[in-house]
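Text of work.cif, listed as mmCIF, C-alpha atoms and all ligand atoms:
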```
data_upload
loop_
_atom_site.label_atom_id
_atom_site.label_comp_id
_atom_site.auth_asym_id
_atom_site.auth_seq_id
_atom_site.Cartn_x
_atom_site.Cartn_y
_atom_site.Cartn_z
CA MET M 1 11.36 -1.53 2.68
CA ASP M 2 13.37 -2.53 -0.35
CA LYS M 3 12.06 -0.49 -3.28
CA ARG M 4 13.31 -3.03 -5.80
CA LYS M 5 10.82 -5.64 -4.62
CA PRO M 6 7.07 -5.56 -5.32
CA ILE M 7 4.89 -5.58 -2.22
CA ILE M 8 2.87 -8.80 -2.28
CA ALA M 9 -0.69 -8.34 -0.98
CA LEU M 10 -1.29 -11.35 1.28
CA ASP M 11 -5.04 -11.25 0.86
CA PHE M 12 -5.70 -14.58 2.56
CA PRO M 13 -7.99 -15.57 5.45
CA ASP M 14 -5.54 -17.21 7.87
CA LEU M 15 -2.01 -18.14 8.89
CA VAL M 16 -2.09 -21.61 7.31
CA THR M 17 -2.97 -20.22 3.88
CA VAL M 18 -0.22 -17.63 4.25
CA GLN M 19 2.29 -20.33 5.18
CA THR M 20 1.24 -22.52 2.24
CA PHE M 21 1.69 -19.54 -0.09
CA LEU M 22 5.07 -18.46 1.33
CA ALA M 23 6.35 -22.04 1.13
CA LYS M 24 6.44 -21.57 -2.66
CA PHE M 25 9.18 -18.93 -2.21
CA PRO M 26 12.82 -19.72 -1.42
CA LYS M 27 13.51 -20.08 2.31
CA ASN M 28 15.14 -17.03 3.88
CA ASP M 29 13.97 -14.78 1.03
CA SER M 30 13.04 -11.50 2.72
CA LEU M 31 9.91 -10.25 0.96
CA ASN M 32 7.86 -7.07 1.02
CA VAL M 33 4.41 -8.22 2.08
CA LYS M 34 1.14 -6.44 2.76
CA VAL M 35 -1.28 -7.46 5.50
CA GLY M 36 -4.69 -6.00 4.76
CA MET M 37 -8.13 -6.15 6.29
CA GLU M 38 -8.98 -9.71 5.21
CA LEU M 39 -5.97 -11.21 6.97
CA TYR M 40 -5.63 -8.85 9.93
CA TYR M 41 -9.29 -9.00 10.95
CA GLN M 42 -9.19 -12.80 10.98
CA ALA M 43 -5.66 -13.60 12.12
CA GLY M 44 -5.04 -10.56 14.35
CA PRO M 45 -1.78 -8.86 15.32
CA ALA M 46 -0.11 -12.29 15.72
CA ILE M 47 0.08 -12.63 11.93
CA VAL M 48 2.08 -9.40 11.75
CA THR M 49 4.48 -10.57 14.46
CA TYR M 50 4.87 -13.89 12.64
CA LEU M 51 5.81 -12.20 9.35
CA VAL M 52 8.15 -9.67 10.99
CA GLU M 53 9.93 -12.45 12.90
CA ALA M 54 10.26 -14.44 9.66
CA GLY M 55 12.30 -11.52 8.28
CA HIS M 56 9.73 -9.95 5.97
CA GLN M 57 9.07 -6.22 5.61
CA VAL M 58 5.40 -5.63 6.40
CA PHE M 59 3.07 -2.97 5.03
CA LEU M 60 0.10 -2.99 7.43
CA ASP M 61 -2.80 -1.79 5.29
CA LEU M 62 -5.72 -1.06 7.61
CA LYS M 63 -6.72 2.26 6.02
CA LEU M 64 -7.67 3.93 9.28
CA HIS M 65 -10.42 6.55 9.02
CA ASP M 66 -12.00 7.80 12.26
CA ILE M 67 -11.90 10.74 14.64
CA PRO M 68 -8.40 12.06 15.41
CA ASN M 69 -8.23 10.71 18.97
CA THR M 70 -9.21 7.18 17.92
CA VAL M 71 -6.80 7.08 14.98
CA GLY M 72 -3.96 8.53 17.04
CA ARG M 73 -4.37 5.93 19.76
CA ALA M 74 -4.77 3.08 17.28
CA MET M 75 -1.57 4.15 15.53
CA GLU M 76 0.23 4.24 18.86
CA GLY M 77 -0.59 0.56 19.31
CA LEU M 78 0.21 -0.41 15.72
CA ALA M 79 3.63 1.25 16.01
CA ARG M 80 4.63 -1.48 18.47
CA LEU M 81 4.17 -4.23 15.87
CA GLY M 82 7.42 -3.45 14.04
CA VAL M 83 5.90 -2.85 10.60
CA ALA M 84 7.74 -0.89 7.93
CA MET M 85 4.73 0.94 6.52
CA THR M 86 1.11 1.62 7.42
CA ASN M 87 -1.73 3.74 6.07
CA LEU M 88 -4.91 5.74 6.63
CA HIS M 89 -7.57 7.40 4.48
CA GLY M 90 -6.58 10.94 3.53
CA ALA M 91 -10.29 11.77 3.48
CA GLY M 92 -10.22 11.60 7.29
CA GLY M 93 -8.75 15.10 7.26
CA LYS M 94 -5.73 17.01 8.49
CA GLU M 95 -6.40 16.78 12.21
CA MET M 96 -6.74 13.02 11.92
CA MET M 97 -3.53 12.71 9.89
CA LYS M 98 -1.56 14.80 12.37
CA ALA M 99 -2.90 12.68 15.26
CA ALA M 100 -1.77 9.57 13.36
CA VAL M 101 1.77 10.92 12.92
CA ALA M 102 1.95 11.80 16.62
CA GLY M 103 0.53 8.40 17.64
CA LEU M 104 3.08 6.51 15.57
CA GLN M 105 5.93 8.54 17.03
CA LYS M 106 4.66 8.00 20.56
CA GLY M 107 4.20 4.25 20.14
CA THR M 108 7.46 3.45 18.36
CA PRO M 109 9.88 1.75 20.77
CA LEU M 110 13.02 3.72 21.63
CA GLY M 111 15.81 3.29 19.09
CA GLN M 112 13.42 2.21 16.31
CA THR M 113 12.14 4.26 13.38
CA PRO M 114 8.37 4.81 13.06
CA PRO M 115 6.74 3.05 10.11
CA LEU M 116 6.30 5.03 6.90
CA LEU M 117 2.82 6.58 6.98
CA ILE M 118 0.94 6.71 3.70
CA ALA M 119 -2.44 8.28 2.88
CA VAL M 120 -4.93 6.59 0.58
CA THR M 121 -6.16 9.18 -1.95
CA GLN M 122 -8.79 7.77 -4.29
CA LEU M 123 -8.94 3.97 -4.28
CA THR M 124 -7.70 2.38 -7.50
CA SER M 125 -11.12 0.73 -7.81
CA THR M 126 -12.69 4.19 -8.20
CA SER M 127 -13.24 5.70 -11.64
CA GLU M 128 -13.45 9.43 -12.23
CA GLN M 129 -17.15 9.04 -13.02
CA SER M 130 -17.97 7.15 -9.81
CA MET M 131 -15.92 9.62 -7.75
CA GLN M 132 -17.88 12.53 -9.18
CA GLU M 133 -21.30 10.86 -8.98
CA GLU M 134 -20.97 9.07 -5.63
CA GLN M 135 -18.64 11.36 -3.65
CA LEU M 136 -20.01 14.54 -5.28
CA ILE M 137 -16.46 15.72 -5.98
CA THR M 138 -16.60 18.07 -8.95
CA THR M 139 -12.87 18.21 -9.78
CA SER M 140 -11.05 15.73 -12.00
CA LEU M 141 -9.78 12.57 -10.33
CA GLU M 142 -6.20 13.76 -10.79
CA GLU M 143 -6.97 17.01 -8.97
CA SER M 144 -8.59 15.16 -6.11
CA VAL M 145 -5.60 12.82 -5.76
CA ALA M 146 -3.14 15.74 -5.94
CA HIS M 147 -5.14 17.58 -3.28
CA TYR M 148 -4.95 14.63 -0.88
CA GLY M 149 -1.23 14.37 -1.63
CA LYS M 150 -0.64 17.99 -0.65
CA LEU M 151 -2.68 17.65 2.55
CA ALA M 152 -0.82 14.49 3.51
CA GLN M 153 2.55 16.13 2.99
CA GLU M 154 1.51 19.19 5.03
CA CYS M 155 0.61 16.83 7.89
CA GLY M 156 4.02 15.15 7.89
CA LEU M 157 3.11 11.88 6.14
CA ASP M 158 5.66 10.09 3.95
CA GLY M 159 3.55 9.56 0.86
CA VAL M 160 0.31 8.40 -0.69
CA VAL M 161 -1.37 5.35 -2.11
CA CYS M 162 -2.55 6.20 -5.61
CA SER M 163 -2.71 4.65 -9.04
CA ALA M 164 0.52 4.73 -11.05
CA LYS M 165 -1.41 6.93 -13.47
CA GLU M 166 -1.26 9.78 -10.92
CA VAL M 167 2.41 9.56 -9.95
CA SER M 168 3.45 12.55 -12.10
CA VAL M 169 0.71 14.81 -10.76
CA ILE M 170 1.46 13.81 -7.14
CA LYS M 171 5.21 14.39 -7.48
CA ALA M 172 4.55 17.74 -9.18
CA SER M 173 2.22 18.93 -6.43
CA THR M 174 4.40 17.63 -3.55
CA SER M 175 8.06 16.73 -4.06
CA SER M 176 10.03 14.06 -5.89
CA ASP M 177 10.83 12.25 -2.62
CA PHE M 178 7.16 12.07 -1.54
CA LEU M 179 6.38 8.37 -1.88
CA CYS M 180 3.87 7.01 -4.36
CA VAL M 181 2.77 3.49 -3.41
CA THR M 182 0.80 2.12 -6.32
CA PRO M 183 -1.62 -0.85 -6.32
CA GLY M 184 -3.77 -1.53 -9.38
CA ILE M 185 -0.83 -3.26 -11.05
CA ARG M 186 -1.59 -5.76 -13.76
CA PRO M 187 0.69 -7.61 -16.19
CA LYS M 188 -0.13 -6.95 -19.83
CA LYS M 189 -3.49 -8.61 -20.63
CA GLY M 190 -3.94 -9.50 -16.92
CA GLU M 191 -7.46 -9.70 -15.52
CA LEU M 192 -8.52 -6.34 -14.04
CA GLY M 193 -11.03 -7.70 -11.52
CA ASP M 194 -12.40 -4.72 -9.57
CA GLN M 195 -9.44 -2.43 -10.38
CA LYS M 196 -10.20 0.58 -12.59
CA ARG M 197 -6.98 2.60 -12.80
CA VAL M 198 -4.24 0.14 -13.71
CA MET M 199 -0.75 0.03 -15.14
CA THR M 200 1.79 -2.72 -15.83
CA PRO M 201 4.87 -3.08 -13.59
CA LEU M 202 7.05 -1.67 -16.37
CA GLU M 203 4.78 1.34 -16.93
CA ALA M 204 4.73 2.00 -13.19
CA LYS M 205 8.52 1.85 -13.13
CA GLN M 206 8.88 4.21 -16.07
CA ILE M 207 6.46 6.73 -14.61
CA GLY M 208 8.27 6.83 -11.25
CA SER M 209 6.23 4.76 -8.76
CA ASP M 210 8.23 4.15 -5.61
CA PHE M 211 6.53 0.88 -4.66
CA ILE M 212 4.10 -1.39 -6.48
CA VAL M 213 1.52 -3.48 -4.63
CA VAL M 214 0.50 -6.70 -6.35
CA GLY M 215 -2.06 -9.20 -5.11
CA ARG M 216 -4.07 -11.50 -7.33
CA PRO M 217 -1.66 -11.56 -10.30
CA ILE M 218 0.71 -13.38 -7.89
CA THR M 219 -1.51 -14.98 -5.25
CA GLN M 220 -3.98 -16.49 -7.75
CA ALA M 221 -1.38 -17.52 -10.33
CA VAL M 222 -0.92 -21.19 -11.16
CA ASP M 223 2.74 -20.75 -10.24
CA PRO M 224 2.92 -17.81 -7.79
CA TYR M 225 6.71 -17.74 -7.51
CA LYS M 226 7.11 -17.65 -11.29
CA ALA M 227 4.52 -14.85 -11.50
CA TYR M 228 6.39 -12.97 -8.75
CA GLN M 229 9.72 -13.34 -10.55
CA GLU M 230 8.24 -12.08 -13.81
CA ILE M 231 6.77 -9.02 -12.09
CA LEU M 232 10.01 -8.46 -10.16
CA ALA M 233 12.03 -8.55 -13.41
CA GLU M 234 9.64 -6.18 -15.15
CA TRP M 235 9.62 -3.80 -12.17
CA ASN M 236 13.41 -3.74 -12.28
CA GLY M 237 13.37 -2.92 -15.99
CA GLU M 238 14.75 -6.29 -17.04
CA ILE M 239 11.88 -7.03 -19.46
CA LYS M 240 11.17 -4.62 -22.32
O1 LIG D 301 -4.07 0.55 0.27
C1 LIG D 301 -3.97 -0.35 -0.57
O2 LIG D 301 -3.06 -1.18 -0.51
C2 LIG D 301 -4.88 -0.30 -1.74
C3 LIG D 301 -5.33 0.95 -2.11
C4 LIG D 301 -5.99 1.11 -3.35
O3 LIG D 301 -6.35 2.23 -3.74
N1 LIG D 301 -6.19 0.01 -4.11
C5 LIG D 301 -5.80 -1.25 -3.75
O4 LIG D 301 -6.01 -2.19 -4.52
N2 LIG D 301 -5.18 -1.43 -2.52
C6 LIG D 301 -4.83 -2.79 -2.08
O5 LIG D 301 -3.89 -3.35 -2.97
C7 LIG D 301 -4.18 -4.74 -3.21
C8 LIG D 301 -4.39 -4.94 -4.69
O6 LIG D 301 -4.67 -6.28 -4.94
P1 LIG D 301 -4.87 -6.88 -6.39
O7 LIG D 301 -5.91 -6.07 -7.08
O8 LIG D 301 -5.28 -8.29 -6.14
O9 LIG D 301 -3.52 -6.76 -7.09
C9 LIG D 301 -5.36 -5.10 -2.35
O10 LIG D 301 -4.89 -5.72 -1.18
C10 LIG D 301 -6.02 -3.77 -2.01
O11 LIG D 301 -6.59 -3.77 -0.72
#
```

Structure translated into structure tokens:
Amino acid sequence: MDKRKPIIALDFPDLVTVQTFLAKFPKNDSLNVKVGMELYYQAGPAIVTYLVEAGHQVFLDLKLHDIPNTVGRAMEGLARLGVAMTNLHGAGGKEMMKAAVAGLQKGTPLGQTPPLLIAVTQLTSTSEQSMQEEQLITTSLEESVAHYGKLAQECGLDGVVCSAKEVSVIKASTSSDFLCVTPGIRPKKGELGDQKRVMTPLEAKQIGSDFIVVGRPITQAVDPYKAYQEILAEWNGEIK
């Protein structure tokens, strides 16, 4: 995946809507795109194959969280789809994460590299207060995120999904090359929606995010390609 490009969250219900959206981008532009639950559960694996064959780099965001055997076998199947990145919930535990790594390696066709495997820490829609009250976690949110980062690295994962606000603490508790994939990105004065821990593309860049994930600020914009270009420029430090 090209780190210079934001990952566009294709949170749409079907192929036709995806095609209508992508038609607003220049032909042959290879994009970083994310297929999440909304699209995958309605359009199935065929949507992934379609995007891969169209030359896009796909982050398959299904946030697996189940017993180790189930997650390992699911990952084995997902590895055959040719995606660049996929994820699971770090809260599923070490045995589950190790089974996922093994499943991806087993399922990846010979001569290909397994997708990057990333652990969700605390969702960017979670506040410290809701984490403490609803999950009964008594540490700070930063400590919880750093803890999941360490566990994920010990299990052989490539990085975490976190808010850009936690990049420094993750890198400090793991290593500088441990990937921080950060959703919860909003342009200055952008609508937050359900996101709680947010940063602008420029702030995320400055703090050391490796990838930013952006959905509604692009997909719901009046001119999605213009919105994408603005975020791309900011992410690449071209707007101060
Ligand atoms: O794993 C993810 O991609 C993810 C993790 C997280 O903690 N927060 C989060 O927002 N996401 C995803 O990132 C995207 C953010 O979309 P917007 O809020 O519309 O920019 C959505 O597709 C979410 O499913």

If you measure from atom CA of M:Gln122 to atom CA of M:Ser175, what distance in Å do you get, rounded to one decimal?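 Going from atom CA of M:Gln122 over to atom CA of M:Ser175 covers 19.1 Å.
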
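Across the model, the gap from atom CA of M:Thr124 to atom CA of M:Val169 is 15.4 Å.
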
Counting all atoms listed in the file, which residues in chain M sit no more than 10 Å from ligand LIG 301 (chain D)? For each one, give the nearest pair of atoms and the distance in Å, sorted by chain then residue number, as JSON lines.
```
{"residue": "M:Ile7", "atom": "CA", "partner": "D:LIG301", "partner_atom": "O5", "distance": 9.1}
{"residue": "M:Ile8", "atom": "CA", "partner": "D:LIG301", "partner_atom": "C7", "distance": 8.2}
{"residue": "M:Ala9", "atom": "CA", "partner": "D:LIG301", "partner_atom": "O10", "distance": 5.0}
{"residue": "M:Leu10", "atom": "CA", "partner": "D:LIG301", "partner_atom": "O10", "distance": 7.1}
{"residue": "M:Asp11", "atom": "CA", "partner": "D:LIG301", "partner_atom": "O10", "distance": 5.9}
{"residue": "M:Phe12", "atom": "CA", "partner": "D:LIG301", "partner_atom": "O10", "distance": 9.7}
{"residue": "M:Lys34", "atom": "CA", "partner": "D:LIG301", "partner_atom": "O10", "distance": 7.2}
{"residue": "M:Val35", "atom": "CA", "partner": "D:LIG301", "partner_atom": "O10", "distance": 7.8}
{"residue": "M:Gly36", "atom": "CA", "partner": "D:LIG301", "partner_atom": "O10", "distance": 5.9}
{"residue": "M:Met37", "atom": "CA", "partner": "D:LIG301", "partner_atom": "O11", "distance": 7.6}
{"residue": "M:Glu38", "atom": "CA", "partner": "D:LIG301", "partner_atom": "O10", "distance": 8.6}
{"residue": "M:Leu39", "atom": "CA", "partner": "D:LIG301", "partner_atom": "O10", "distance": 9.9}
{"residue": "M:Phe59", "atom": "CA", "partner": "D:LIG301", "partner_atom": "O2", "distance": 8.5}
{"residue": "M:Leu60", "atom": "CA", "partner": "D:LIG301", "partner_atom": "O2", "distance": 8.7}
{"residue": "M:Asp61", "atom": "CA", "partner": "D:LIG301", "partner_atom": "O1", "distance": 5.7}
{"residue": "M:Leu62", "atom": "CA", "partner": "D:LIG301", "partner_atom": "O1", "distance": 7.7}
{"residue": "M:Lys63", "atom": "CA", "partner": "D:LIG301", "partner_atom": "O1", "distance": 6.6}
{"residue": "M:Thr86", "atom": "CA", "partner": "D:LIG301", "partner_atom": "O1", "distance": 8.9}
{"residue": "M:Asn87", "atom": "CA", "partner": "D:LIG301", "partner_atom": "O1", "distance": 7.0}
{"residue": "M:Leu88", "atom": "CA", "partner": "D:LIG301", "partner_atom": "O1", "distance": 8.3}
{"residue": "M:His89", "atom": "CA", "partner": "D:LIG301", "partner_atom": "O1", "distance": 8.8}
{"residue": "M:Ile118", "atom": "CA", "partner": "D:LIG301", "partner_atom": "O1", "distance": 8.6}
{"residue": "M:Ala119", "atom": "CA", "partner": "D:LIG301", "partner_atom": "O1", "distance": 8.3}
{"residue": "M:Val120", "atom": "CA", "partner": "D:LIG301", "partner_atom": "O1", "distance": 6.1}
{"residue": "M:Thr121", "atom": "CA", "partner": "D:LIG301", "partner_atom": "O3", "distance": 7.2}
{"residue": "M:Gln122", "atom": "CA", "partner": "D:LIG301", "partner_atom": "O3", "distance": 6.1}
{"residue": "M:Leu123", "atom": "CA", "partner": "D:LIG301", "partner_atom": "O3", "distance": 3.2}
{"residue": "M:Thr124", "atom": "CA", "partner": "D:LIG301", "partner_atom": "O3", "distance": 4.0}
{"residue": "M:Ser125", "atom": "CA", "partner": "D:LIG301", "partner_atom": "N1", "distance": 6.2}
{"residue": "M:Thr126", "atom": "CA", "partner": "D:LIG301", "partner_atom": "O3", "distance": 8.0}
{"residue": "M:Val160", "atom": "CA", "partner": "D:LIG301", "partner_atom": "O1", "distance": 9.0}
{"residue": "M:Val161", "atom": "CA", "partner": "D:LIG301", "partner_atom": "C3", "distance": 5.9}
{"residue": "M:Cys162", "atom": "CA", "partner": "D:LIG301", "partner_atom": "O3", "distance": 5.8}
{"residue": "M:Ser163", "atom": "CA", "partner": "D:LIG301", "partner_atom": "O3", "distance": 6.9}
{"residue": "M:Val181", "atom": "CA", "partner": "D:LIG301", "partner_atom": "O2", "distance": 8.0}
{"residue": "M:Thr182", "atom": "CA", "partner": "D:LIG301", "partner_atom": "C4", "distance": 7.5}
{"residue": "M:Pro183", "atom": "CA", "partner": "D:LIG301", "partner_atom": "O5", "distance": 4.8}
{"residue": "M:Gly184", "atom": "CA", "partner": "D:LIG301", "partner_atom": "O4", "distance": 5.4}
{"residue": "M:Ile185", "atom": "CA", "partner": "D:LIG301", "partner_atom": "O9", "distance": 5.9}
{"residue": "M:Arg186", "atom": "CA", "partner": "D:LIG301", "partner_atom": "O9", "distance": 7.0}
{"residue": "M:Glu191", "atom": "CA", "partner": "D:LIG301", "partner_atom": "O7", "distance": 9.3}
{"residue": "M:Leu192", "atom": "CA", "partner": "D:LIG301", "partner_atom": "O7", "distance": 7.4}
{"residue": "M:Gly193", "atom": "CA", "partner": "D:LIG301", "partner_atom": "O7", "distance": 7.0}
{"residue": "M:Asp194", "atom": "CA", "partner": "D:LIG301", "partner_atom": "O7", "distance": 7.1}
{"residue": "M:Gln195", "atom": "CA", "partner": "D:LIG301", "partner_atom": "O7", "distance": 6.0}
{"residue": "M:Lys196", "atom": "CA", "partner": "D:LIG301", "partner_atom": "N1", "distance": 9.4}
{"residue": "M:Arg197", "atom": "CA", "partner": "D:LIG301", "partner_atom": "O3", "distance": 9.1}
{"residue": "M:Val198", "atom": "CA", "partner": "D:LIG301", "partner_atom": "O7", "distance": 9.2}
{"residue": "M:Ile212", "atom": "CA", "partner": "D:LIG301", "partner_atom": "O5", "distance": 8.9}
{"residue": "M:Val213", "atom": "CA", "partner": "D:LIG301", "partner_atom": "O5", "distance": 5.7}
{"residue": "M:Val214", "atom": "CA", "partner": "D:LIG301", "partner_atom": "O9", "distance": 4.1}
{"residue": "M:Gly215", "atom": "CA", "partner": "D:LIG301", "partner_atom": "O9", "distance": 3.5}
{"residue": "M:Arg216", "atom": "CA", "partner": "D:LIG301", "partner_atom": "O8", "distance": 3.6}
{"residue": "M:Pro217", "atom": "CA", "partner": "D:LIG301", "partner_atom": "O9", "distance": 6.1}
{"residue": "M:Ile218", "atom": "CA", "partner": "D:LIG301", "partner_atom": "O9", "distance": 7.9}
{"residue": "M:Thr219", "atom": "CA", "partner": "D:LIG301", "partner_atom": "O8", "distance": 7.7}
{"residue": "M:Gln220", "atom": "CA", "partner": "D:LIG301", "partner_atom": "O8", "distance": 8.5}
```

Taking (-12.9, 10.7, 5.4) in the coordinates of the supplied file, I want to know which residues reach to within 10 Å of it, counting all atoms listed in the file; could you give the answer as a PyMOL selection string? chain M and resi 64-67+88-93+96

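Among the candidates M:Gln42, M:Thr108, M:Thr139, M:Ser173, the residue lying nearest to M:Glu154 is M:Ser173 (atoms considered: all atoms listed in the file).
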
Two-atom distance - atom CA of M:Glu128, atom CA of M:Asp177 (Å):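 It comes out at 26.3 Å.
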
I'd like to know which of M:Gly111, M:Pro13, M:Gly159, M:Gly55 is closest to M:Asn32, using all atoms listed in the file.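 With all atoms listed in the file as the atom set, the closest residue is M:Gly55.
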
Please determine, counting all atoms listed in the file, which residue among M:Val167, M:Val222, M:Leu151, M:Met1 has the shortest atom-to-atom distance to M:Leu116.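 Once distances to M:Leu116 are computed over all atoms listed in the file, the minimum belongs to M:Met1.
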
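Checking M:Asp158, M:Asp2, M:Glu166, M:Glu238 one by one against M:Ile207, counting all atoms listed in the file, you find the shortest gap at M:Glu166.
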
Under the rule that all atoms listed in the file are counted, which of M:Ala74, M:Ile239, M:Ala43, M:Gly190 is the nearest residue to M:Thr17?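 Among the listed residues, M:Ala43 lies closest to M:Thr17.
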
From the list M:Ala221, M:Met199, M:Leu15, M:Val48, which residue is nearest M:Met85 when using all atoms listed in the file? M:Val48

Env of M:Glu95: 10 Å cut, atoms = only C-alpha atoms, seq-sep filter 6 positions within chain, self excluded. Answer as a ChimeraX atom specification. /M:67-69,72,155
